[in-house]
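Read through the structure below, which is laid out as structure tokens, and then see the notes.
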Amino acid sequence: MSTPSEAVERRLYNALWWAKVQSAGPLEVPRDTPAVALLTRAASPDGSTVWLVPALPSGAGHTVLDELGTPPVAVEQPNETARVLSICVACCWTDRSGPAWPGSAGTLAQVRSVYAGMRGRPEQPSDLTLIIGSLRRLHATHWLLWNEKAGEVRLGPRVITWTAADQATLRDLCRHLPDPPPAVLTTTPAPDAESDSLPTEPESPEAADD
Amino acid sequence: MTEPHVLFDPLLQDLGDRARDEVLAAFSAVQYAAHPVAEVQLAGLRDVTLRRHVARMLKLIGRTLVHVDGTHWTSGYADDIAATLTAQGWQPLSVVDRAVLVLVLIHSVAIPRSEGILTGDSWKSARPTTVDELRTTKISGEERRLALQRLRAAGLIQLSGDHSGGPSYIPGPQLQRLTPAARRRLQDQLILAAGPASPVAEAIRARNGATPTEQAAERRTDDTEGNG
């Protein structure tokens, strides 16, 4: 049994960590960081650190918003962003007999190739702008870990919250996407000619999102 | 509900199934909806006893209920938690993002408020800040574009509907999550930055001087919210 003051300290510890992940998103912390209630731990690929990811039980999550007809915070270019996330799942979740996290590293070249294949046409100049914008958005929200210098992408710690049913849906989705070409990873994160000239989305993001 | 709620169980166990569902729905709505939720929409917000349970759940994760316009509710960081984190130097926004956000707040809220166009202490405003007003020699165009993208994604700013002079921005829905004390701190900080020699700034310093710890914390405070 913990003493009352230990219980108070424990509550403050939980509240402070929760405030941190709500303000900054999932956090990468040393492995020996004590557990925080309802923050799931996702071990980083090399096992040296863990990510703390909010994992509220169903009923306390965002599903109630659909029932209320109240929108959550809007995602810009939602369709493009979802498309790029699904492509990254196909590229980075190579062993689909196991969980999606941590998956393996994929490359921008793979993402571009699957994107063009998904559209059923050769790559267009505007594709790269849309892809990079989506990768940055998904990186900022921790659905992906996007290393812009190296042109490499991994699944982000938030994917640890995907349930078995979510993973079954995504496995099925991956089967419908074109197969990515083999990943050619750079061992050192030296910027290549391509990453030097990565495009930025225009100041107004209201381009058509079909 | 068959899943264990670990953190929330002690609060929820005495409630009947229906009351528990109402409390969870209200908790989720104030936490995840982009905008404040109408009190009439949810029993968990309408009923004072149920609302007290929602407030207790929020407290466990460092949050508190914020009443908006007398008819709506949202959640924000509890003042004691925000003060502790800022005293620890916690700051999830980069300096460029904060600078761009402050420029939007100055043009969209602080200036109209000083002109008497905006009243009250809300950080909501329909007065757009244009890209021209965001230009500064200290931030490159590329840095500004990336900062705007991150601030929009975090709900701290949003595009205004007025496109007559190109894209322009207004404060985002997250600003409505500020508690009354946080709104006051943000206003104080802007006054201290814009007119440090003004009598109002002097009064703010005198008021803060009463509690030196709070003053130290406030000096580093950025009362804005992330994309939690």
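Numbering starts fresh at 1 for the residues of each chain in the structure tokens, the chains themselves are lettered A, B, ... in the order given, and ligands are numbered from 1 as they appear.
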Practice prompt. Pull out every residue of chain A that has at least one atom within 6 Å of chain B, counting only C-alpha atoms, and report them as an NGL selection string.
Written response: :A and (15 or 18-19 or 22-24 or 37 or 60-62 or 71-73 or 203-204)
Using the selection just defined, write its residues with N, CA and C atoms as a tab-separated table (two decimals), in the first residue's frame.
```tsv
chain	number	residue	atom	x	y	z
A	15	ALA	N	0.08	13.23	-14.11
A	15	ALA	CA	-0.51	14.42	-14.74
A	15	ALA	C	0.53	15.20	-15.53
A	18	TRP	N	1.35	13.31	-18.74
A	18	TRP	CA	0.23	13.42	-19.66
A	18	TRP	C	0.19	14.81	-20.31
A	19	ALA	N	0.45	15.85	-19.51
A	19	ALA	CA	0.48	17.21	-20.08
A	19	ALA	C	1.59	17.31	-21.12
A	22	GLN	N	0.51	15.52	-24.32
A	22	GLN	CA	-0.57	16.23	-24.99
A	22	GLN	C	-0.06	17.49	-25.69
A	23	SER	N	0.99	18.09	-25.13
A	23	SER	CA	1.48	19.33	-25.74
A	23	SER	C	2.52	19.06	-26.83
A	24	ALA	N	3.26	17.95	-26.73
A	24	ALA	CA	4.34	17.72	-27.69
A	24	ALA	C	4.14	16.46	-28.52
A	37	ALA	N	0.46	5.86	-16.05
A	37	ALA	CA	-0.83	5.23	-16.30
A	37	ALA	C	-1.41	5.65	-17.65
A	60	ALA	N	-13.30	6.39	-24.08
A	60	ALA	CA	-12.71	7.67	-23.68
A	60	ALA	C	-11.88	8.24	-24.82
A	61	GLY	N	-11.95	7.62	-25.99
A	61	GLY	CA	-11.16	8.08	-27.14
A	61	GLY	C	-11.97	9.02	-28.01
A	62	HIS	N	-11.51	9.17	-29.26
A	62	HIS	CA	-12.13	10.19	-30.11
A	62	HIS	C	-13.35	9.68	-30.87
A	71	PRO	N	-16.50	17.68	-35.40
A	71	PRO	CA	-15.23	17.28	-36.01
A	71	PRO	C	-14.05	17.41	-35.05
A	72	PRO	N	-13.04	16.52	-35.18
A	72	PRO	CA	-11.79	16.73	-34.45
A	72	PRO	C	-10.97	17.80	-35.17
A	73	VAL	N	-9.78	18.10	-34.67
A	73	VAL	CA	-8.91	19.07	-35.34
A	73	VAL	C	-8.66	18.58	-36.77
A	203	GLU	N	2.13	28.59	-49.43
A	203	GLU	CA	1.69	29.17	-48.17
A	203	GLU	C	0.22	28.86	-47.90
A	204	SER	N	-0.57	28.85	-48.95
A	204	SER	CA	-1.98	28.47	-48.81
A	204	SER	C	-2.10	26.99	-49.15
```
Worksheet item: Within 7 Å of region 181-191 of chain B, counting only C-alpha atoms, which residues qualify if same-chain residues fewer than 3 places away don't, as number ranges by chain?
Response: B: 121, 178, 194-196, 201, 204, 223
Practice prompt. Just list the residues in region 13-162 of chain A DSSP gives strand (DSSP E or B) on the backbone, as a PyMOL selection string.
Written response: chain A and resi 27-30+39-43+49-54+72+106-107+144-147+152-155
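Ranking A:Thr70, A:Glu9, A:Ala100, A:Leu16 by their shortest atom-to-atom distance to Ala38 (chain B), with only C-alpha atoms included, puts A:Thr70 first.
If you look at CA of Val153 (chain A) and CA of Lys20 (chain A), they are 24.8 Å away from each other.
Near Arg41 (chain A), within 7 Å and counting only C-alpha atoms, sit Val50, Trp51, Leu52 and Val53 of chain A; same-chain residues fewer than 6 positions away were not included.
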Item to complete: Calculate how many Å separate CA of Leu156 (chain B) from CA of Arg11 (chain A), rounding to one decimal.
Response: 28.4 Å
Worksheet item: In Å to one decimal, how far is CA of Glu202 (chain B) from CA of Ala83 (chain B)?
Response: 22.1 Å
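Contact shell of Val184 (chain A) at 10 Å (only C-alpha atoms; same-chain neighbours under 3 positions omitted): Ala105, Gly106, Thr107, Leu108, Ala109, Gln110, Glu152, Pro181 and Thr187 of chain A.
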Item to complete: Name the residues of region 27-192 of chain A that fall into helix (DSSP H, G or I) according to DSSP on the backbone, using the chain letters and numbers of this document, as an MDAnalysis selection string.
Response: chainID A and resid 64:68 78:92 108:119 125:140 157:161 164:176
Item to complete: Please provide as number ranges by chain all residues within 8 Å of region 135-137 of chain A, with the sequence filter that same-chain residues fewer than 5 positions apart are discarded (counting only C-alpha atoms).
Response: A: 81, 84-85, 144, 146; B: 150, 153
Output for the residues just chosen: C-alpha atoms as a PDB file, in the first residue's frame:
```pdb
ATOM      1  CA  THR A  81      -2.081  12.390 -46.265  1.00  0.00           C
ATOM      2  CA  VAL A  84       0.902   8.537 -48.194  1.00  0.00           C
ATOM      3  CA  LEU A  85       0.395   6.925 -44.771  1.00  0.00           C
ATOM      4  CA  LEU A 144       5.725   8.440 -39.246  1.00  0.00           C
ATOM      5  CA  TRP A 146      10.556  10.972 -41.600  1.00  0.00           C
TER       6      TRP A 146
ATOM      7  CA  ARG B 150       3.152  23.230 -38.086  1.00  0.00           C
ATOM      8  CA  ALA B 153      -1.537  21.336 -37.937  1.00  0.00           C
TER       9      ALA B 153
END
```
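Excluding region 114-130 of chain A itself and any same-chain residue fewer than 3 positions from it, the protein and nucleic acid residues within 6 Å of it, counting only C-alpha atoms, are Val111, Gly133, Pro178, Pro180 and Pro199 of chain A.
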